[in-house]
>>> print(open('work_38.cif').read())   # mmCIF, C-alpha atoms
data_my_file
#
loop_
_atom_site.label_atom_id
_atom_site.label_comp_id
_atom_site.auth_asym_id
_atom_site.auth_seq_id
_atom_site.Cartn_x
_atom_site.Cartn_y
_atom_site.Cartn_z
CA MET A 1 17.93 8.66 -16.69
CA THR A 2 17.40 4.91 -16.87
CA ILE A 3 15.22 3.09 -14.36
CA GLN A 4 15.24 -0.66 -13.83
CA ILE A 5 12.28 -2.46 -12.27
CA PHE A 6 12.39 -6.10 -11.22
CA GLY A 7 10.48 -8.37 -8.88
CA ILE A 8 11.77 -10.42 -5.96
CA SER A 9 10.55 -14.00 -6.31
CA GLY A 10 11.01 -17.09 -4.19
CA LEU A 11 9.72 -15.67 -0.93
CA PRO A 12 8.19 -18.36 1.29
CA GLU A 13 4.70 -18.06 2.76
CA ILE A 14 4.85 -15.07 5.11
CA GLU A 15 3.82 -15.66 8.71
CA ALA A 16 3.35 -13.44 11.73
CA ALA A 17 6.61 -12.05 13.18
CA SER A 18 8.66 -13.17 10.15
CA ASP A 19 11.89 -11.28 9.46
CA LEU A 20 10.48 -9.77 6.29
CA GLY A 21 13.48 -7.58 5.52
CA GLY A 22 15.87 -10.48 5.95
CA MET A 23 13.70 -12.72 3.78
CA ILE A 24 13.53 -10.13 0.99
CA ALA A 25 17.30 -9.61 1.10
CA ALA A 26 17.98 -13.35 1.03
CA SER A 27 15.61 -13.96 -1.90
CA ALA A 28 17.13 -11.05 -3.82
CA ARG A 29 20.64 -12.48 -3.36
CA LYS A 30 19.48 -15.96 -4.35
CA GLN A 31 18.03 -14.74 -7.66
CA GLY A 32 21.20 -12.78 -8.42
CA ASP A 33 19.80 -9.29 -7.77
CA PRO A 34 21.03 -8.28 -4.30
CA ILE A 35 19.43 -5.18 -2.80
CA ALA A 36 21.71 -2.16 -3.35
CA ASP A 37 22.10 1.31 -1.90
CA ARG A 38 19.50 3.82 -3.21
CA ASP A 39 17.08 1.15 -4.37
CA VAL A 40 13.38 1.80 -3.77
CA LEU A 41 11.51 -1.25 -2.48
CA ILE A 42 7.81 -1.54 -3.28
CA VAL A 43 6.33 -3.96 -0.76
CA THR A 44 2.77 -5.28 -1.11
CA SER A 45 0.74 -4.45 1.99
CA LYS A 46 -0.59 -8.00 2.26
CA ILE A 47 2.73 -9.47 3.33
CA VAL A 48 3.25 -6.62 5.78
CA SER A 49 -0.20 -7.32 7.24
CA LYS A 50 0.70 -11.00 7.62
CA VAL A 51 3.94 -10.19 9.43
CA GLU A 52 2.19 -7.75 11.75
CA GLY A 53 -0.66 -10.12 12.62
CA CYS A 54 -3.36 -8.19 10.76
CA ALA A 55 -5.25 -11.35 9.80
CA ILE A 56 -8.76 -11.99 11.09
CA GLU A 57 -10.48 -15.38 11.18
CA LEU A 58 -14.08 -15.06 10.02
CA ALA A 59 -15.12 -17.71 12.53
CA ASP A 60 -14.23 -15.25 15.31
CA VAL A 61 -16.41 -12.41 13.97
CA GLU A 62 -19.93 -11.74 15.19
CA PRO A 63 -21.67 -9.47 12.66
CA SER A 64 -23.87 -6.60 13.74
CA GLU A 65 -27.52 -6.30 12.76
CA PHE A 66 -26.64 -3.72 10.09
CA ALA A 67 -23.91 -5.94 8.63
CA MET A 68 -26.32 -8.89 8.43
CA SER A 69 -29.04 -6.78 6.81
CA TRP A 70 -26.74 -5.19 4.25
CA ALA A 71 -25.01 -8.48 3.47
CA ASP A 72 -28.35 -10.25 2.97
CA THR A 73 -29.49 -7.56 0.52
CA TRP A 74 -26.35 -7.84 -1.61
CA HIS A 75 -25.46 -11.53 -1.06
CA LYS A 76 -22.27 -10.80 0.87
CA ASP A 77 -20.69 -12.50 3.87
CA PRO A 78 -21.93 -10.50 6.89
CA ARG A 79 -18.73 -11.25 8.79
CA VAL A 80 -16.66 -9.59 6.08
CA ILE A 81 -19.00 -6.58 6.09
CA GLU A 82 -18.62 -6.33 9.86
CA ILE A 83 -14.83 -6.22 9.50
CA VAL A 84 -15.15 -3.53 6.82
CA LEU A 85 -17.25 -1.45 9.20
CA ARG A 86 -14.82 -1.92 12.08
CA GLN A 87 -11.90 -0.86 9.89
CA SER A 88 -13.64 2.33 8.77
CA LYS A 89 -13.79 5.77 10.31
CA ARG A 90 -16.91 6.42 8.25
CA ILE A 91 -18.70 5.22 5.14
CA VAL A 92 -18.19 7.77 2.37
CA ARG A 93 -20.48 6.18 -0.25
CA GLN A 94 -22.85 3.24 -0.21
CA SER A 95 -24.09 2.44 -3.69
CA GLY A 96 -25.48 -0.98 -4.48
CA PRO A 97 -23.06 -3.67 -3.29
CA VAL A 98 -20.15 -1.21 -3.04
CA LEU A 99 -18.96 0.34 0.21
CA ILE A 100 -16.48 3.19 -0.12
CA ALA A 101 -15.01 3.90 3.29
CA GLU A 102 -12.56 6.21 4.96
CA THR A 103 -10.17 4.06 6.97
CA HIS A 104 -8.72 4.98 10.33
CA HIS A 105 -5.55 5.97 8.44
CA GLY A 106 -7.49 8.51 6.35
CA PHE A 107 -7.45 6.50 3.09
CA ILE A 108 -10.59 6.51 0.92
CA CYS A 109 -11.01 3.07 -0.62
CA ALA A 110 -13.39 0.20 -1.31
CA ASN A 111 -14.24 -2.03 1.65
CA SER A 112 -11.75 -0.29 3.98
CA GLY A 113 -8.94 -2.18 2.29
CA VAL A 114 -10.20 -5.51 3.67
CA ASP A 115 -9.04 -8.34 1.40
CA GLN A 116 -9.86 -12.06 1.25
CA SER A 117 -7.48 -12.94 -1.60
CA SER A 118 -4.05 -14.40 -0.79
CA SER A 119 -4.89 -14.25 2.91
CA GLY A 120 -3.11 -17.52 3.64
CA ALA A 121 -6.14 -19.66 4.52
CA GLU A 122 -9.80 -20.20 3.76
CA GLY A 123 -12.05 -18.18 6.06
CA ARG A 124 -9.42 -15.56 6.78
CA VAL A 125 -9.20 -11.92 5.72
CA LEU A 126 -6.41 -9.38 5.86
CA VAL A 127 -6.80 -5.79 6.97
CA LEU A 128 -4.37 -2.98 6.26
CA PRO A 129 -1.36 -2.52 8.55
CA THR A 130 -2.22 -0.38 11.56
CA ASP A 131 0.48 2.21 10.73
CA PRO A 132 1.91 1.66 7.24
CA ASP A 133 4.44 4.49 7.64
CA ALA A 134 5.81 2.78 10.75
CA SER A 135 5.89 -0.51 8.81
CA ALA A 136 7.93 1.14 6.07
CA ARG A 137 10.31 2.70 8.60
CA ALA A 138 10.84 -0.66 10.28
CA LEU A 139 11.75 -2.26 6.94
CA ARG A 140 14.08 0.61 6.05
CA SER A 141 15.79 0.21 9.44
CA ARG A 142 16.13 -3.54 8.93
CA PHE A 143 17.82 -3.00 5.58
CA ALA A 144 20.15 -0.47 7.21
CA GLU A 145 21.13 -3.23 9.64
CA LEU A 146 21.85 -5.40 6.60
CA GLY A 147 24.12 -2.68 5.20
CA VAL A 148 22.02 -1.02 2.51
CA ASP A 149 20.33 2.39 2.33
CA VAL A 150 16.93 2.00 0.68
CA ALA A 151 13.62 3.82 0.53
CA VAL A 152 10.52 1.72 1.22
CA VAL A 153 7.00 2.13 -0.15
CA ILE A 154 4.13 0.00 1.15
CA SER A 155 1.58 -0.43 -1.65
CA ASP A 156 -2.01 -1.53 -2.03
CA THR A 157 -4.47 -1.72 -4.95
CA PHE A 158 -7.03 1.09 -5.13
CA GLY A 159 -9.67 2.22 -7.59
CA ARG A 160 -9.71 5.84 -8.80
CA PRO A 161 -12.35 8.52 -9.40
CA TRP A 162 -13.11 9.17 -13.08
CA ARG A 163 -11.42 5.98 -14.34
CA GLU A 164 -12.11 2.25 -14.64
CA GLY A 165 -9.59 -0.31 -13.45
CA GLN A 166 -7.34 -0.30 -10.43
CA THR A 167 -3.71 0.57 -9.81
CA ASP A 168 -1.30 0.19 -6.96
CA VAL A 169 -0.81 3.26 -4.79
CA ALA A 170 1.37 4.01 -1.79
CA ILE A 171 -0.10 3.68 1.69
CA GLY A 172 3.18 3.92 3.60
CA VAL A 173 6.60 5.45 2.94
CA ALA A 174 10.00 5.70 4.59
CA GLY A 175 13.21 7.37 3.52
CA MET A 176 11.93 9.66 0.76
CA HIS A 177 9.35 12.45 0.55
CA PRO A 178 6.15 11.23 -1.14
CA LEU A 179 5.64 14.32 -3.32
CA TYR A 180 7.74 16.25 -5.81
CA SER A 181 6.68 19.87 -6.20
CA TYR A 182 7.09 22.00 -9.31
CA ILE A 183 5.50 24.99 -7.58
CA GLY A 184 7.61 28.07 -8.18
CA GLN A 185 9.48 26.51 -11.11
CA HIS A 186 8.97 27.67 -14.72
CA ASP A 187 8.28 25.73 -17.90
CA PRO A 188 10.38 26.39 -21.07
CA HIS A 189 8.00 29.21 -22.04
CA GLY A 190 8.29 31.02 -18.72
CA HIS A 191 4.99 29.88 -17.21
CA GLU A 192 5.28 29.53 -13.44
CA PHE A 193 3.79 26.38 -11.92
CA GLU A 194 1.40 27.19 -9.11
CA VAL A 195 -0.24 23.86 -8.23
CA GLN A 196 1.74 21.11 -9.98
CA GLU A 197 2.89 18.37 -7.61
CA LEU A 198 3.65 14.77 -8.50
CA CYS A 199 2.80 11.98 -6.08
CA VAL A 200 6.06 10.17 -6.75
CA VAL A 201 5.35 7.32 -4.35
CA ASP A 202 2.10 6.50 -6.16
CA GLU A 203 3.96 6.49 -9.48
CA LEU A 204 6.61 4.16 -8.06
CA ALA A 205 3.97 1.88 -6.52
CA ALA A 206 2.15 1.60 -9.86
CA ALA A 207 5.42 0.93 -11.68
CA GLY A 208 6.26 -1.82 -9.22
CA GLU A 209 2.93 -3.52 -9.86
CA LEU A 210 4.01 -4.12 -13.45
CA VAL A 211 6.43 -6.80 -12.24
CA LYS A 212 4.40 -8.06 -9.27
CA GLY A 213 0.81 -8.83 -10.23
CA ASN A 214 -1.91 -10.51 -8.17
CA VAL A 215 -1.22 -14.17 -8.95
CA SER A 216 2.52 -14.23 -9.63
CA ARG A 217 3.62 -14.70 -5.99
CA VAL A 218 5.99 -11.76 -6.42
CA PRO A 219 5.01 -9.40 -3.59
CA VAL A 220 8.07 -7.13 -3.73
CA ALA A 221 9.47 -4.99 -6.54
CA VAL A 222 12.78 -3.14 -6.66
CA ILE A 223 13.10 0.11 -8.56
CA ARG A 224 16.72 0.95 -9.30
CA GLY A 225 17.94 4.20 -10.80
CA HIS A 226 15.22 6.52 -9.49
CA GLU A 227 16.90 9.50 -7.84
CA TRP A 228 15.56 10.39 -4.39
CA GLU A 229 16.70 12.60 -1.55
CA THR A 230 16.77 11.10 1.92
CA ASP A 231 13.93 12.23 4.16
CA ASP A 232 13.84 10.33 7.41
CA ALA A 233 10.74 12.24 8.55
CA ALA A 234 8.68 11.22 5.51
CA THR A 235 5.08 10.09 5.97
CA MET A 236 1.99 9.75 3.79
CA ALA A 237 0.33 12.72 5.53
CA PRO A 238 1.06 15.25 2.73
CA VAL A 239 -0.69 12.95 0.23
CA LEU A 240 -4.00 12.82 2.10
CA ARG A 241 -6.16 15.63 0.77
CA ASP A 242 -7.88 17.96 3.22
CA PRO A 243 -11.61 17.07 3.27
CA GLN A 244 -12.50 20.71 2.55
CA ARG A 245 -10.71 20.39 -0.82
CA ASP A 246 -11.93 16.90 -1.62
CA LEU A 247 -14.87 17.09 -4.04
CA PHE A 248 -15.65 13.38 -3.61
CA ARG A 249 -16.34 13.33 0.12
#
>>> encode(input="work_38.cif", output="structure tokens")
Amino acid sequence: MTIQIFGISGLPEIEAASDLGGMIAASARKQGDPIADRDVLIVTSKIVSKVEGCAIELADVEPSEFAMSWADTWHKDPRVIEIVLRQSKRIVRQSGPVLIAETHHGFICANSGVDQSSSGAEGRVLVLPTDPDASARALRSRFAELGVDVAVVISDTFGRPWREGQTDVAIGVAGMHPLYSYIGQHDPHGHEFEVQELCVVDELAAAGELVKGNVSRVPVAVIRGHEWETDDAATMAPVLRDPQRDLFR
């Protein structure tokens, strides 16, 4: 199997209600790499948030007493801390200047996924899309209208337990199941796999980041050659670990 990964460049600044699917398709054609059937599109969550109006102006935020106290202790902007708190279901860990939160989606991440970088303007932050699975489905449907059958993965940058550095992971999916299970299969020596499952969408999201990057202005990657079975009911739900089995909560 050979897999090709390339970025889609030349996208203009994304604004609310933009035709993101149409813009991606047009940019891909312009650079000579038109989107094709069975491609997997890795779309950075920031541009999805911009399209869906998930930007918040700091000037409009009134921080709570806790946000002001915590921000003063750690030299943070209390308005940003207030947004982090509003975007969280609960705070999982609070250690020094770091807030690890569980978002309303069920993701465990730093600062509830709130991001000030590449937000489009000074004094503006982006929050995660309200329903990243629905965002992915909408993009997949738009590409179907344009005549191509693609899977879509919405990605964001997360840290990881046990390891330094960050990597892109999937926060939304459409068209393909997020996991590939080896359970019940046997290795060459006859050993039966009992727990082995690959989070394929995380692997694809991380691979896409290799051609995107944070400062390259390439927010979309195309992965061509990866074999996937169509699953129109796919969501990220199977990826989210049950709290009773999560040793880090």
>>> resolve_selection(input="work_38.cif", expression="the PyMOL selection byres ((chain A and resi 233-238) around 6)", output="MDAnalysis selection string")
chainID A and resid 133 172:174 176:177 231:232 239:240
>>> resolve_selection(input="work_38.cif", expression="the PyMOL selection byres ((chain A and resi 166) around 12)", output="list in words")
Cys109, Ala110, Asp156, Thr157, Phe158, Gly159, Arg160, Pro161, Trp162, Arg163, Glu164, Gly165, Thr167, Asp168, Val169, Ala206, Glu209, Gly213 and Asn214 of chain A
>>> atom_distance(input="work_38.cif", atom1="atom CA of Ile223 of chain A", atom2="atom CA of Val40 of chain A")
5.1 Å
>>> resolve_selection(input="work_38.cif", expression="the PyMOL selection byres ((chain A and resi 111) around 9)", output="PyMOL selection string")
chain A and resi 81+83-85+87-88+98-101+109-110+112-115
>>> atom_distance(input="work_38.cif", atom1="atom CA of Gly10 of chain A", atom2="atom CA of Met23 of chain A")
9.5 Å
>>> atom_distance(input="work_38.cif", atom1="atom CA of Lys46 of chain A", atom2="atom CA of Pro219 of chain A")
8.2 Å
>>> closest_residue(input="work_38.cif", among="A:Gln94, A:Ser119, A:Ser45, A:Ser216", to="Ser135 of chain A", atoms="only C-alpha atoms")
A:Ser45
>>> closest_residue(input="work_38.cif", among="A:Arg245, A:Arg140, A:Arg79, A:His191", to="Ile35 of chain A", atoms="all atoms listed in the file")
A:Arg140
>>> residues_around(input="work_38.cif", residues="Gln4 of chain A", least_positions_apart="2", cutoff="8 Å", atoms="all atoms listed in the file", output="JSON, numbers by chain")
{"A": [2, 6, 222, 223, 224, 225]}
>>> decode(input="work_38.cif", residues="segment 212-245 of chain A", atoms="N, CA and C atoms", output="PDB file, in the first residue's frame")
ATOM      1  N   LYS A 212       0.831  20.233   7.208  1.00  0.00           N
ATOM      2  CA  LYS A 212       0.093  21.464   7.540  1.00  0.00           C
ATOM      3  C   LYS A 212       0.968  22.403   8.366  1.00  0.00           C
ATOM      4  N   GLY A 213       1.165  22.102   9.624  1.00  0.00           N
ATOM      5  CA  GLY A 213       1.982  22.964  10.475  1.00  0.00           C
ATOM      6  C   GLY A 213       1.186  24.145  10.992  1.00  0.00           C
ATOM      7  N   ASN A 214       1.754  24.848  11.987  1.00  0.00           N
ATOM      8  CA  ASN A 214       1.054  25.934  12.660  1.00  0.00           C
ATOM      9  C   ASN A 214       1.233  27.294  11.999  1.00  0.00           C
ATOM     10  N   VAL A 215       2.280  27.461  11.202  1.00  0.00           N
ATOM     11  CA  VAL A 215       2.539  28.785  10.629  1.00  0.00           C
ATOM     12  C   VAL A 215       2.587  28.752   9.099  1.00  0.00           C
ATOM     13  N   SER A 216       2.226  27.651   8.493  1.00  0.00           N
ATOM     14  CA  SER A 216       2.363  27.497   7.051  1.00  0.00           C
ATOM     15  C   SER A 216       1.159  28.002   6.271  1.00  0.00           C
ATOM     16  N   ARG A 217       0.054  28.314   6.975  1.00  0.00           N
ATOM     17  CA  ARG A 217      -1.197  28.701   6.325  1.00  0.00           C
ATOM     18  C   ARG A 217      -1.698  27.600   5.390  1.00  0.00           C
ATOM     19  N   VAL A 218      -1.501  26.370   5.825  1.00  0.00           N
ATOM     20  CA  VAL A 218      -2.036  25.199   5.108  1.00  0.00           C
ATOM     21  C   VAL A 218      -2.925  24.459   6.102  1.00  0.00           C
ATOM     22  N   PRO A 219      -4.204  24.790   6.170  1.00  0.00           N
ATOM     23  CA  PRO A 219      -5.071  24.231   7.211  1.00  0.00           C
ATOM     24  C   PRO A 219      -5.754  22.921   6.838  1.00  0.00           C
ATOM     25  N   VAL A 220      -5.505  22.434   5.627  1.00  0.00           N
ATOM     26  CA  VAL A 220      -6.171  21.216   5.159  1.00  0.00           C
ATOM     27  C   VAL A 220      -5.138  20.291   4.530  1.00  0.00           C
ATOM     28  N   ALA A 221      -5.217  19.013   4.890  1.00  0.00           N
ATOM     29  CA  ALA A 221      -4.361  17.993   4.271  1.00  0.00           C
ATOM     30  C   ALA A 221      -5.255  16.958   3.605  1.00  0.00           C
ATOM     31  N   VAL A 222      -4.739  16.383   2.542  1.00  0.00           N
ATOM     32  CA  VAL A 222      -5.426  15.289   1.844  1.00  0.00           C
ATOM     33  C   VAL A 222      -4.570  14.040   1.965  1.00  0.00           C
ATOM     34  N   ILE A 223      -5.196  12.960   2.396  1.00  0.00           N
ATOM     35  CA  ILE A 223      -4.510  11.669   2.459  1.00  0.00           C
ATOM     36  C   ILE A 223      -5.141  10.779   1.395  1.00  0.00           C
ATOM     37  N   ARG A 224      -4.333  10.367   0.468  1.00  0.00           N
ATOM     38  CA  ARG A 224      -4.811   9.591  -0.689  1.00  0.00           C
ATOM     39  C   ARG A 224      -4.162   8.212  -0.665  1.00  0.00           C
ATOM     40  N   GLY A 225      -4.980   7.189  -0.822  1.00  0.00           N
ATOM     41  CA  GLY A 225      -4.466   5.826  -0.854  1.00  0.00           C
ATOM     42  C   GLY A 225      -4.789   5.023   0.386  1.00  0.00           C
ATOM     43  N   HIS A 226      -5.260   5.701   1.453  1.00  0.00           N
ATOM     44  CA  HIS A 226      -5.677   4.965   2.646  1.00  0.00           C
ATOM     45  C   HIS A 226      -7.022   4.299   2.363  1.00  0.00           C
ATOM     46  N   GLU A 227      -7.113   3.010   2.626  1.00  0.00           N
ATOM     47  CA  GLU A 227      -8.335   2.271   2.359  1.00  0.00           C
ATOM     48  C   GLU A 227      -9.292   2.385   3.544  1.00  0.00           C
ATOM     49  N   TRP A 228     -10.509   2.789   3.268  1.00  0.00           N
ATOM     50  CA  TRP A 228     -11.512   2.924   4.338  1.00  0.00           C
ATOM     51  C   TRP A 228     -12.873   2.476   3.822  1.00  0.00           C
ATOM     52  N   GLU A 229     -13.624   1.877   4.741  1.00  0.00           N
ATOM     53  CA  GLU A 229     -14.982   1.459   4.425  1.00  0.00           C
ATOM     54  C   GLU A 229     -15.946   2.568   4.827  1.00  0.00           C
ATOM     55  N   THR A 230     -16.933   2.802   3.983  1.00  0.00           N
ATOM     56  CA  THR A 230     -17.905   3.852   4.258  1.00  0.00           C
ATOM     57  C   THR A 230     -18.739   3.521   5.491  1.00  0.00           C
ATOM     58  N   ASP A 231     -18.833   4.491   6.381  1.00  0.00           N
ATOM     59  CA  ASP A 231     -19.674   4.376   7.571  1.00  0.00           C
ATOM     60  C   ASP A 231     -20.344   5.723   7.780  1.00  0.00           C
ATOM     61  N   ASP A 232     -21.568   5.839   7.305  1.00  0.00           N
ATOM     62  CA  ASP A 232     -22.258   7.119   7.388  1.00  0.00           C
ATOM     63  C   ASP A 232     -22.790   7.415   8.777  1.00  0.00           C
ATOM     64  N   ALA A 233     -22.678   6.456   9.692  1.00  0.00           N
ATOM     65  CA  ALA A 233     -23.112   6.684  11.076  1.00  0.00           C
ATOM     66  C   ALA A 233     -21.934   6.974  12.000  1.00  0.00           C
ATOM     67  N   ALA A 234     -20.749   7.144  11.437  1.00  0.00           N
ATOM     68  CA  ALA A 234     -19.543   7.301  12.247  1.00  0.00           C
ATOM     69  C   ALA A 234     -19.586   8.554  13.107  1.00  0.00           C
ATOM     70  N   THR A 235     -19.093   8.418  14.336  1.00  0.00           N
ATOM     71  CA  THR A 235     -18.901   9.552  15.242  1.00  0.00           C
ATOM     72  C   THR A 235     -17.628   9.300  16.040  1.00  0.00           C
ATOM     73  N   MET A 236     -17.243  10.282  16.849  1.00  0.00           N
ATOM     74  CA  MET A 236     -16.077  10.126  17.711  1.00  0.00           C
ATOM     75  C   MET A 236     -16.414   9.405  19.014  1.00  0.00           C
ATOM     76  N   ALA A 237     -17.675   9.082  19.244  1.00  0.00           N
ATOM     77  CA  ALA A 237     -18.085   8.486  20.516  1.00  0.00           C
ATOM     78  C   ALA A 237     -17.279   7.249  20.901  1.00  0.00           C
ATOM     79  N   PRO A 238     -16.979   6.314  19.974  1.00  0.00           N
ATOM     80  CA  PRO A 238     -16.220   5.126  20.387  1.00  0.00           C
ATOM     81  C   PRO A 238     -14.802   5.430  20.861  1.00  0.00           C
ATOM     82  N   VAL A 239     -14.282   6.607  20.516  1.00  0.00           N
ATOM     83  CA  VAL A 239     -12.911   6.962  20.884  1.00  0.00           C
ATOM     84  C   VAL A 239     -12.827   7.475  22.321  1.00  0.00           C
ATOM     85  N   LEU A 240     -13.918   8.038  22.806  1.00  0.00           N
ATOM     86  CA  LEU A 240     -13.914   8.660  24.136  1.00  0.00           C
ATOM     87  C   LEU A 240     -14.001   7.574  25.204  1.00  0.00           C
ATOM     88  N   ARG A 241     -12.964   7.457  25.987  1.00  0.00           N
ATOM     89  CA  ARG A 241     -12.875   6.373  26.976  1.00  0.00           C
ATOM     90  C   ARG A 241     -13.844   6.600  28.131  1.00  0.00           C
ATOM     91  N   ASP A 242     -14.481   5.515  28.542  1.00  0.00           N
ATOM     92  CA  ASP A 242     -15.374   5.543  29.699  1.00  0.00           C
ATOM     93  C   ASP A 242     -14.586   6.014  30.921  1.00  0.00           C
ATOM     94  N   PRO A 243     -15.107   6.996  31.669  1.00  0.00           N
ATOM     95  CA  PRO A 243     -14.379   7.492  32.850  1.00  0.00           C
ATOM     96  C   PRO A 243     -13.971   6.417  33.836  1.00  0.00           C
ATOM     97  N   GLN A 244     -14.737   5.333  33.927  1.00  0.00           N
ATOM     98  CA  GLN A 244     -14.396   4.264  34.869  1.00  0.00           C
ATOM     99  C   GLN A 244     -13.129   3.521  34.437  1.00  0.00           C
ATOM    100  N   ARG A 245     -12.756   3.638  33.164  1.00  0.00           N
ATOM    101  CA  ARG A 245     -11.541   2.971  32.674  1.00  0.00           C
ATOM    102  C   ARG A 245     -10.412   3.961  32.406  1.00  0.00           C
TER     103      ARG A 245
END
